[in-house]
>>> print(open('target_28.txt').read())   # compact mmCIF, N, CA and C atoms and all ligand atoms
# COMPACT_ATOMS: atom_id res chain seq x y z
N MET A 1 36.32 32.36 -208.81
CA MET A 1 37.30 33.44 -208.66
C MET A 1 37.08 34.19 -207.35
N LYS A 2 35.82 34.55 -207.15
CA LYS A 2 35.49 35.25 -205.91
C LYS A 2 35.92 34.44 -204.70
N ARG A 3 35.72 33.16 -204.86
CA ARG A 3 36.04 32.25 -203.77
C ARG A 3 37.54 32.28 -203.46
N ILE A 4 38.33 32.32 -204.51
CA ILE A 4 39.79 32.33 -204.33
C ILE A 4 40.22 33.61 -203.62
N ILE A 5 39.66 34.73 -204.07
CA ILE A 5 40.02 36.00 -203.45
C ILE A 5 39.64 35.98 -201.97
N PHE A 6 38.46 35.45 -201.71
CA PHE A 6 38.00 35.39 -200.32
C PHE A 6 38.97 34.54 -199.49
N THR A 7 39.36 33.40 -200.05
CA THR A 7 40.28 32.51 -199.34
C THR A 7 41.60 33.22 -199.06
N LEU A 8 42.08 33.96 -200.08
CA LEU A 8 43.34 34.69 -199.90
C LEU A 8 43.21 35.73 -198.80
N MET A 9 42.07 36.40 -198.77
CA MET A 9 41.86 37.43 -197.76
C MET A 9 41.88 36.81 -196.36
N VAL A 10 41.21 35.68 -196.26
CA VAL A 10 41.18 35.01 -194.96
C VAL A 10 42.60 34.60 -194.55
N ALA A 11 43.35 34.09 -195.51
CA ALA A 11 44.72 33.66 -195.23
C ALA A 11 45.58 34.84 -194.77
N CYS A 12 45.45 35.95 -195.45
CA CYS A 12 46.23 37.14 -195.07
C CYS A 12 45.85 37.61 -193.69
N PHE A 13 44.56 37.62 -193.43
CA PHE A 13 44.08 38.06 -192.12
C PHE A 13 44.67 37.15 -191.05
N GLY A 14 44.64 35.86 -191.31
CA GLY A 14 45.19 34.89 -190.36
C GLY A 14 46.65 35.16 -190.10
N MET A 15 47.39 35.47 -191.16
CA MET A 15 48.82 35.72 -191.00
C MET A 15 49.06 37.00 -190.19
N ALA A 16 48.22 38.01 -190.44
CA ALA A 16 48.35 39.25 -189.68
C ALA A 16 48.12 38.99 -188.20
N MET A 17 47.16 38.12 -187.91
CA MET A 17 46.87 37.78 -186.52
C MET A 17 48.08 37.11 -185.88
N VAL A 18 48.68 36.18 -186.62
CA VAL A 18 49.84 35.46 -186.10
C VAL A 18 50.97 36.44 -185.81
N GLN A 19 51.14 37.38 -186.72
CA GLN A 19 52.22 38.36 -186.53
C GLN A 19 51.98 39.21 -185.30
N THR A 20 50.72 39.57 -185.08
CA THR A 20 50.40 40.36 -183.89
C THR A 20 50.77 39.56 -182.64
N ALA A 21 50.43 38.28 -182.67
CA ALA A 21 50.75 37.43 -181.53
C ALA A 21 52.26 37.36 -181.33
N ASP A 22 52.98 37.27 -182.44
CA ASP A 22 54.44 37.22 -182.37
C ASP A 22 55.01 38.49 -181.75
N ALA A 23 54.45 39.62 -182.16
CA ALA A 23 54.93 40.90 -181.66
C ALA A 23 54.71 40.99 -180.15
N ALA A 24 53.64 40.34 -179.68
CA ALA A 24 53.34 40.38 -178.25
C ALA A 24 54.33 39.52 -177.46
N ASP A 25 54.93 38.55 -178.16
CA ASP A 25 55.88 37.63 -177.54
C ASP A 25 56.84 38.29 -176.57
N LYS A 26 57.50 39.30 -177.08
CA LYS A 26 58.61 39.88 -176.35
C LYS A 26 58.16 40.65 -175.14
N LYS A 27 56.87 40.90 -175.08
CA LYS A 27 56.38 41.74 -173.99
C LYS A 27 56.01 40.94 -172.75
N ILE A 28 55.97 39.64 -172.87
CA ILE A 28 55.62 38.83 -171.70
C ILE A 28 56.82 38.81 -170.75
N THR A 29 56.61 39.33 -169.57
CA THR A 29 57.73 39.47 -168.64
C THR A 29 57.77 38.32 -167.62
N HIS A 30 58.90 38.22 -166.99
CA HIS A 30 59.05 37.23 -165.93
C HIS A 30 58.01 37.47 -164.83
N GLU A 31 57.69 38.74 -164.57
CA GLU A 31 56.71 39.07 -163.53
C GLU A 31 55.33 38.52 -163.88
N GLN A 32 55.01 38.58 -165.17
CA GLN A 32 53.72 38.03 -165.59
C GLN A 32 53.67 36.53 -165.38
N ILE A 33 54.78 35.86 -165.68
CA ILE A 33 54.82 34.40 -165.51
C ILE A 33 54.78 34.06 -164.03
N GLU A 34 55.39 34.89 -163.22
CA GLU A 34 55.31 34.69 -161.78
C GLU A 34 53.85 34.75 -161.33
N GLU A 35 53.12 35.70 -161.90
CA GLU A 35 51.69 35.83 -161.57
C GLU A 35 50.93 34.57 -162.01
N VAL A 36 51.24 34.10 -163.22
CA VAL A 36 50.58 32.89 -163.72
C VAL A 36 50.82 31.73 -162.76
N MET A 37 52.07 31.57 -162.35
CA MET A 37 52.45 30.43 -161.52
C MET A 37 51.87 30.54 -160.11
N LYS A 38 51.94 31.74 -159.55
CA LYS A 38 51.51 31.89 -158.15
C LYS A 38 50.00 32.08 -158.01
N LYS A 39 49.46 33.05 -158.75
CA LYS A 39 48.03 33.33 -158.62
C LYS A 39 47.20 32.36 -159.44
N GLY A 40 47.85 31.71 -160.40
CA GLY A 40 47.12 30.75 -161.22
C GLY A 40 47.34 29.34 -160.75
N PHE A 41 48.50 28.78 -161.12
CA PHE A 41 48.75 27.36 -160.88
C PHE A 41 48.88 27.00 -159.41
N LYS A 42 49.61 27.80 -158.65
CA LYS A 42 49.81 27.45 -157.25
C LYS A 42 48.51 27.60 -156.47
N ALA A 43 47.68 28.55 -156.90
CA ALA A 43 46.38 28.75 -156.28
C ALA A 43 45.35 27.75 -156.80
N LYS A 44 45.80 26.88 -157.69
CA LYS A 44 44.99 25.79 -158.24
C LYS A 44 43.76 26.23 -159.04
N LEU A 45 43.86 27.36 -159.68
CA LEU A 45 42.75 27.80 -160.53
C LEU A 45 42.45 26.79 -161.62
N GLN A 46 43.51 26.08 -162.03
CA GLN A 46 43.35 25.12 -163.13
C GLN A 46 42.48 23.92 -162.75
N ASN A 47 42.23 23.75 -161.44
CA ASN A 47 41.39 22.63 -161.01
C ASN A 47 39.91 22.95 -161.10
N ASP A 48 39.59 24.21 -161.39
CA ASP A 48 38.19 24.59 -161.55
C ASP A 48 38.06 25.48 -162.78
N LEU A 49 38.18 24.83 -163.90
CA LEU A 49 38.16 25.53 -165.18
C LEU A 49 36.86 26.30 -165.37
N ALA A 50 35.75 25.70 -164.99
CA ALA A 50 34.44 26.33 -165.22
C ALA A 50 34.37 27.71 -164.56
N SER A 51 34.92 27.85 -163.35
CA SER A 51 34.83 29.12 -162.64
C SER A 51 35.92 30.11 -163.04
N ASN A 52 37.00 29.61 -163.61
CA ASN A 52 38.16 30.47 -163.85
C ASN A 52 38.56 30.58 -165.31
N LYS A 53 37.62 30.30 -166.18
CA LYS A 53 37.98 30.21 -167.60
C LYS A 53 38.63 31.50 -168.12
N GLU A 54 38.06 32.63 -167.72
CA GLU A 54 38.54 33.89 -168.26
C GLU A 54 40.00 34.16 -167.88
N VAL A 55 40.30 34.05 -166.60
CA VAL A 55 41.66 34.35 -166.16
C VAL A 55 42.62 33.25 -166.64
N LEU A 56 42.15 32.03 -166.70
CA LEU A 56 43.02 30.95 -167.19
C LEU A 56 43.35 31.14 -168.66
N THR A 57 42.40 31.65 -169.42
CA THR A 57 42.65 31.92 -170.83
C THR A 57 43.73 32.98 -170.97
N LYS A 58 43.62 34.02 -170.16
CA LYS A 58 44.63 35.09 -170.19
C LYS A 58 46.00 34.53 -169.82
N TYR A 59 46.04 33.77 -168.75
CA TYR A 59 47.31 33.20 -168.29
C TYR A 59 47.91 32.25 -169.33
N ALA A 60 47.06 31.44 -169.93
CA ALA A 60 47.55 30.47 -170.92
C ALA A 60 48.14 31.20 -172.12
N ASN A 61 47.50 32.31 -172.51
CA ASN A 61 48.02 33.08 -173.63
C ASN A 61 49.36 33.72 -173.28
N TRP A 62 49.49 34.18 -172.08
CA TRP A 62 50.78 34.73 -171.63
C TRP A 62 51.85 33.64 -171.71
N LEU A 63 51.50 32.49 -171.16
CA LEU A 63 52.45 31.37 -171.15
C LEU A 63 52.89 31.02 -172.56
N ALA A 64 51.92 30.88 -173.44
CA ALA A 64 52.22 30.46 -174.81
C ALA A 64 53.14 31.46 -175.50
N ALA A 65 53.01 32.73 -175.13
CA ALA A 65 53.81 33.76 -175.80
C ALA A 65 55.14 34.02 -175.10
N TYR A 66 55.36 33.33 -173.99
CA TYR A 66 56.58 33.55 -173.20
C TYR A 66 57.73 32.73 -173.75
N LYS A 67 58.92 33.24 -173.53
CA LYS A 67 60.10 32.48 -173.91
C LYS A 67 60.71 31.95 -172.61
N PRO A 68 60.60 30.64 -172.39
CA PRO A 68 61.06 30.09 -171.10
C PRO A 68 62.57 30.16 -170.98
N PRO A 69 63.09 30.21 -169.74
CA PRO A 69 64.53 30.32 -169.54
C PRO A 69 65.30 29.08 -170.00
N ARG A 70 64.62 27.97 -170.18
CA ARG A 70 65.32 26.74 -170.52
C ARG A 70 64.44 25.88 -171.44
N GLY A 71 65.06 24.94 -172.14
CA GLY A 71 64.32 23.98 -172.97
C GLY A 71 64.08 24.49 -174.37
N ASP A 72 63.72 23.58 -175.27
CA ASP A 72 63.57 24.02 -176.65
C ASP A 72 62.17 24.55 -176.94
N ALA A 73 62.13 25.43 -177.92
CA ALA A 73 60.91 26.16 -178.25
C ALA A 73 59.78 25.23 -178.66
N GLU A 74 60.14 24.16 -179.34
CA GLU A 74 59.13 23.21 -179.85
C GLU A 74 58.39 22.56 -178.68
N SER A 75 59.13 22.16 -177.67
CA SER A 75 58.54 21.54 -176.49
C SER A 75 57.64 22.53 -175.75
N TRP A 76 58.10 23.76 -175.64
CA TRP A 76 57.32 24.79 -174.95
C TRP A 76 56.00 25.03 -175.69
N LYS A 77 56.10 25.08 -177.00
CA LYS A 77 54.93 25.32 -177.83
C LYS A 77 53.91 24.20 -177.63
N LYS A 78 54.41 22.99 -177.56
CA LYS A 78 53.53 21.84 -177.40
C LYS A 78 52.84 21.86 -176.04
N LYS A 79 53.62 22.12 -175.01
CA LYS A 79 53.07 22.12 -173.65
C LYS A 79 52.07 23.25 -173.44
N THR A 80 52.46 24.45 -173.84
CA THR A 80 51.56 25.58 -173.61
C THR A 80 50.37 25.51 -174.56
N GLY A 81 50.60 24.97 -175.75
CA GLY A 81 49.50 24.81 -176.71
C GLY A 81 48.44 23.87 -176.17
N ALA A 82 48.87 22.82 -175.48
CA ALA A 82 47.93 21.86 -174.91
C ALA A 82 47.09 22.53 -173.81
N ILE A 83 47.71 23.45 -173.08
CA ILE A 83 46.97 24.17 -172.03
C ILE A 83 45.92 25.07 -172.67
N VAL A 84 46.34 25.83 -173.67
CA VAL A 84 45.42 26.73 -174.36
C VAL A 84 44.25 25.92 -174.94
N ALA A 85 44.56 24.80 -175.57
CA ALA A 85 43.53 24.00 -176.24
C ALA A 85 42.56 23.40 -175.22
N ALA A 86 43.07 22.93 -174.09
CA ALA A 86 42.20 22.30 -173.09
C ALA A 86 41.23 23.34 -172.51
N ILE A 87 41.73 24.56 -172.30
CA ILE A 87 40.87 25.61 -171.76
C ILE A 87 39.78 25.94 -172.77
N LYS A 88 40.18 26.08 -174.00
CA LYS A 88 39.25 26.42 -175.06
C LYS A 88 38.15 25.37 -175.16
N ALA A 89 38.52 24.11 -174.99
CA ALA A 89 37.58 23.00 -175.16
C ALA A 89 36.83 22.68 -173.86
N ASN A 90 37.02 23.50 -172.82
CA ASN A 90 36.42 23.21 -171.52
C ASN A 90 36.74 21.79 -171.05
N ASP A 91 37.96 21.37 -171.30
CA ASP A 91 38.37 20.00 -171.00
C ASP A 91 39.14 19.98 -169.66
N GLN A 92 38.39 19.79 -168.58
CA GLN A 92 39.00 19.86 -167.25
C GLN A 92 40.09 18.79 -167.06
N ALA A 93 39.80 17.57 -167.47
CA ALA A 93 40.78 16.48 -167.31
C ALA A 93 42.02 16.76 -168.16
N GLY A 94 41.79 17.24 -169.36
CA GLY A 94 42.90 17.56 -170.26
C GLY A 94 43.75 18.69 -169.70
N LEU A 95 43.09 19.66 -169.07
CA LEU A 95 43.83 20.78 -168.51
C LEU A 95 44.70 20.31 -167.34
N LYS A 96 44.15 19.43 -166.54
CA LYS A 96 44.90 18.92 -165.42
C LYS A 96 46.18 18.23 -165.89
N LYS A 97 46.01 17.46 -166.94
CA LYS A 97 47.16 16.75 -167.51
C LYS A 97 48.17 17.75 -168.11
N ALA A 98 47.65 18.74 -168.78
CA ALA A 98 48.52 19.70 -169.48
C ALA A 98 49.26 20.61 -168.51
N THR A 99 48.73 20.78 -167.31
CA THR A 99 49.39 21.67 -166.35
C THR A 99 50.21 20.87 -165.33
N ASN A 100 50.80 19.81 -165.77
CA ASN A 100 51.69 19.01 -164.92
C ASN A 100 52.92 19.85 -164.55
N CYS A 101 52.94 20.31 -163.31
CA CYS A 101 53.97 21.24 -162.86
C CYS A 101 55.38 20.69 -163.11
N LYS A 102 55.57 19.48 -162.64
CA LYS A 102 56.91 18.91 -162.65
C LYS A 102 57.43 18.68 -164.07
N ALA A 103 56.55 18.14 -164.91
CA ALA A 103 56.97 17.84 -166.29
C ALA A 103 57.46 19.11 -166.98
N CYS A 104 56.73 20.20 -166.74
CA CYS A 104 57.11 21.43 -167.42
C CYS A 104 58.33 22.06 -166.76
N HIS A 105 58.35 22.06 -165.43
CA HIS A 105 59.50 22.66 -164.74
C HIS A 105 60.80 21.92 -165.07
N ASN A 106 60.71 20.60 -165.11
CA ASN A 106 61.91 19.81 -165.42
C ASN A 106 62.49 20.19 -166.77
N ALA A 107 61.62 20.52 -167.69
CA ALA A 107 62.09 20.83 -169.04
C ALA A 107 62.42 22.31 -169.23
N HIS A 108 61.73 23.19 -168.50
CA HIS A 108 61.81 24.61 -168.88
C HIS A 108 62.16 25.60 -167.77
N LYS A 109 62.12 25.14 -166.52
CA LYS A 109 62.42 26.08 -165.45
C LYS A 109 63.91 25.96 -165.11
N GLU A 110 64.48 27.09 -164.75
CA GLU A 110 65.92 27.07 -164.44
C GLU A 110 66.19 26.38 -163.12
C1 LIG A 201 53.90 24.98 -169.32
C2 LIG A 201 54.95 24.95 -168.38
C3 LIG A 201 54.66 25.09 -166.89
C4 LIG A 201 53.69 24.49 -166.15
C5 LIG A 201 52.61 23.53 -166.63
C6 LIG A 201 53.88 24.91 -164.80
N1 LIG A 201 54.94 25.78 -164.72
FE1 LIG A 201 55.55 26.77 -163.04
N2 LIG A 201 57.05 27.63 -164.14
C7 LIG A 201 57.30 27.42 -165.47
C8 LIG A 201 58.46 28.19 -165.87
C9 LIG A 201 59.07 28.25 -167.26
C10 LIG A 201 58.91 28.86 -164.72
C11 LIG A 201 60.11 29.80 -164.63
C12 LIG A 201 59.74 31.14 -165.17
C13 LIG A 201 60.93 32.07 -165.30
O1 LIG A 201 61.91 31.91 -164.57
O2 LIG A 201 60.86 32.96 -166.13
C14 LIG A 201 58.00 28.50 -163.64
C15 LIG A 201 58.07 28.97 -162.35
C16 LIG A 201 57.22 28.63 -161.31
C17 LIG A 201 57.27 29.18 -159.97
C18 LIG A 201 58.27 30.24 -159.50
C19 LIG A 201 57.71 31.60 -159.83
C20 LIG A 201 58.66 32.70 -159.42
O3 LIG A 201 59.41 33.16 -160.29
O4 LIG A 201 58.63 33.08 -158.27
C21 LIG A 201 56.28 28.58 -159.24
C22 LIG A 201 55.92 28.84 -157.79
C23 LIG A 201 55.59 27.67 -160.13
N3 LIG A 201 56.19 27.72 -161.38
C24 LIG A 201 54.52 26.87 -159.76
C25 LIG A 201 53.88 25.98 -160.60
C26 LIG A 201 52.85 25.04 -160.19
C27 LIG A 201 52.35 24.86 -158.76
C28 LIG A 201 52.46 24.38 -161.32
C29 LIG A 201 51.45 23.26 -161.48
C30 LIG A 201 50.18 23.32 -160.83
C31 LIG A 201 53.23 24.91 -162.43
N4 LIG A 201 54.09 25.86 -161.96
C32 LIG A 201 53.08 24.49 -163.74
C33 LIG A 201 56.57 26.64 -166.33
C34 LIG A 201 55.45 25.89 -165.98
>>> encode(input="target_28.txt", output="structure tokens", more="lines below")
Ligand code: HEC
Amino acid sequence: MKRIIFTLMVACFGMAMVQTADAADKKITHEQIEEVMKKGFKAKLQNDLASNKEVLTKYANWLAAYKPPRGDAESWKKKTGAIVAAIKANDQAGLKKATNCKACHNAHKE
């Protein structure tokens, strides 16, 4: 019984976290994405994950919570989710693949 209650508590906590993330969604501005693209991707921070993990994590979270001007939400979730996951896993090769500029721009940039 205790175990069930504990599981329920964890589940509720998880849902609360997801909701907080959702609420943050609307606050990600175009200016923030511009920063991600210019100070992050264009400056090639993604090519040195070990040195830039902190800022890349922040940028990836912004990206994941952003609503792109074009393309479907499912595709965006998959692409940005892969970036978040690669950073988390310290997977430099995976991050390089996940930050394919053209693939994402073709699908989601105006
Ligand atoms: C996960 C998707 C994604 C990836 C990966 C990505 N971009 Fe972008 N990029 C976008 C979107 C979406 C926009 C348009 C944002 C908007 O208009 O709100 C954009 C816009 C830009 C802009 C224009 C910013 C501005 O508004 O002035 C530049 C520059 C840019 N990206 C560079 C890059 C480079 C370089 C890479 C690869 C190293 C890259 N991006 C990878 C999604 C991505």
>>> residues_around(input="target_28.txt", residues="region 70-74 of chain A", least_positions_apart="6", cutoff="6 Å", atoms="only C-alpha atoms", output="ChimeraX atom specification")
/A:107-109
>>> residues_near_ligand(input="target_28.txt", ligand="ligand LIG 201 (chain A)", cutoff="7 Å", atoms="only N, CA and C atoms and all ligand atoms", output="count of residues only")
33
>>> closest_residue(input="target_28.txt", among="A:Lys58, A:Lys88, A:Lys78, A:Lys97", to="Ile28 (chain A)", atoms="only C-alpha atoms")
A:Lys58
>>> atom_distance(input="target_28.txt", atom1="CA of Ala89 (chain A)", atom2="CA of Asn106 (chain A)")
26.4 Å
>>> atom_distance(input="target_28.txt", atom1="CA of Thr57 (chain A)", atom2="CA of Lys39 (chain A)")
13.4 Å
>>> atom_distance(input="target_28.txt", atom1="CA of Asn47 (chain A)", atom2="CA of Asn61 (chain A)")
17.7 Å
>>> decode(input="target_28.txt", residues="region 73-93 of chain A", atoms="N, CA and C atoms", output="PDB file, in the first residue's frame")
ATOM      1  N   ALA A  73       4.208  19.867 -34.831  1.00  0.00           N
ATOM      2  CA  ALA A  73       4.712  19.837 -33.457  1.00  0.00           C
ATOM      3  C   ALA A  73       5.445  18.538 -33.155  1.00  0.00           C
ATOM      4  N   GLU A  74       4.967  17.454 -33.726  1.00  0.00           N
ATOM      5  CA  GLU A  74       5.558  16.137 -33.465  1.00  0.00           C
ATOM      6  C   GLU A  74       7.006  16.101 -33.963  1.00  0.00           C
ATOM      7  N   SER A  75       7.225  16.629 -35.149  1.00  0.00           N
ATOM      8  CA  SER A  75       8.562  16.666 -35.727  1.00  0.00           C
ATOM      9  C   SER A  75       9.489  17.554 -34.898  1.00  0.00           C
ATOM     10  N   TRP A  76       8.968  18.682 -34.461  1.00  0.00           N
ATOM     11  CA  TRP A  76       9.758  19.610 -33.644  1.00  0.00           C
ATOM     12  C   TRP A  76      10.170  18.939 -32.336  1.00  0.00           C
ATOM     13  N   LYS A  77       9.224  18.242 -31.749  1.00  0.00           N
ATOM     14  CA  LYS A  77       9.464  17.563 -30.482  1.00  0.00           C
ATOM     15  C   LYS A  77      10.568  16.519 -30.644  1.00  0.00           C
ATOM     16  N   LYS A  78      10.517  15.815 -31.753  1.00  0.00           N
ATOM     17  CA  LYS A  78      11.495  14.771 -32.008  1.00  0.00           C
ATOM     18  C   LYS A  78      12.893  15.369 -32.207  1.00  0.00           C
ATOM     19  N   LYS A  79      12.955  16.412 -33.007  1.00  0.00           N
ATOM     20  CA  LYS A  79      14.251  17.029 -33.305  1.00  0.00           C
ATOM     21  C   LYS A  79      14.868  17.680 -32.072  1.00  0.00           C
ATOM     22  N   THR A  80      14.068  18.466 -31.371  1.00  0.00           N
ATOM     23  CA  THR A  80      14.622  19.159 -30.211  1.00  0.00           C
ATOM     24  C   THR A  80      14.866  18.175 -29.068  1.00  0.00           C
ATOM     25  N   GLY A  81      14.024  17.143 -28.993  1.00  0.00           N
ATOM     26  CA  GLY A  81      14.212  16.119 -27.963  1.00  0.00           C
ATOM     27  C   GLY A  81      15.533  15.391 -28.156  1.00  0.00           C
ATOM     28  N   ALA A  82      15.910  15.154 -29.402  1.00  0.00           N
ATOM     29  CA  ALA A  82      17.169  14.476 -29.699  1.00  0.00           C
ATOM     30  C   ALA A  82      18.351  15.347 -29.271  1.00  0.00           C
ATOM     31  N   ILE A  83      18.196  16.656 -29.416  1.00  0.00           N
ATOM     32  CA  ILE A  83      19.263  17.578 -29.001  1.00  0.00           C
ATOM     33  C   ILE A  83      19.409  17.547 -27.479  1.00  0.00           C
ATOM     34  N   VAL A  84      18.278  17.664 -26.796  1.00  0.00           N
ATOM     35  CA  VAL A  84      18.292  17.633 -25.335  1.00  0.00           C
ATOM     36  C   VAL A  84      18.920  16.325 -24.845  1.00  0.00           C
ATOM     37  N   ALA A  85      18.519  15.213 -25.453  1.00  0.00           N
ATOM     38  CA  ALA A  85      18.992  13.901 -25.006  1.00  0.00           C
ATOM     39  C   ALA A  85      20.490  13.741 -25.249  1.00  0.00           C
ATOM     40  N   ALA A  86      20.970  14.209 -26.400  1.00  0.00           N
ATOM     41  CA  ALA A  86      22.397  14.056 -26.723  1.00  0.00           C
ATOM     42  C   ALA A  86      23.253  14.866 -25.747  1.00  0.00           C
ATOM     43  N   ILE A  87      22.772  16.050 -25.382  1.00  0.00           N
ATOM     44  CA  ILE A  87      23.522  16.881 -24.436  1.00  0.00           C
ATOM     45  C   ILE A  87      23.565  16.193 -23.081  1.00  0.00           C
ATOM     46  N   LYS A  88      22.434  15.705 -22.670  1.00  0.00           N
ATOM     47  CA  LYS A  88      22.331  15.040 -21.378  1.00  0.00           C
ATOM     48  C   LYS A  88      23.281  13.851 -21.311  1.00  0.00           C
ATOM     49  N   ALA A  89      23.396  13.128 -22.420  1.00  0.00           N
ATOM     50  CA  ALA A  89      24.196  11.908 -22.453  1.00  0.00           C
ATOM     51  C   ALA A  89      25.661  12.189 -22.798  1.00  0.00           C
ATOM     52  N   ASN A  90      26.036  13.465 -22.894  1.00  0.00           N
ATOM     53  CA  ASN A  90      27.393  13.824 -23.318  1.00  0.00           C
ATOM     54  C   ASN A  90      27.778  13.137 -24.623  1.00  0.00           C
ATOM     55  N   ASP A  91      26.826  13.065 -25.520  1.00  0.00           N
ATOM     56  CA  ASP A  91      27.023  12.348 -26.788  1.00  0.00           C
ATOM     57  C   ASP A  91      27.355  13.360 -27.897  1.00  0.00           C
ATOM     58  N   GLN A  92      28.654  13.620 -28.062  1.00  0.00           N
ATOM     59  CA  GLN A  92      29.082  14.638 -29.024  1.00  0.00           C
ATOM     60  C   GLN A  92      28.654  14.292 -30.460  1.00  0.00           C
ATOM     61  N   ALA A  93      28.854  13.049 -30.856  1.00  0.00           N
ATOM     62  CA  ALA A  93      28.481  12.640 -32.222  1.00  0.00           C
ATOM     63  C   ALA A  93      26.969  12.748 -32.413  1.00  0.00           C
TER      64      ALA A  93
END
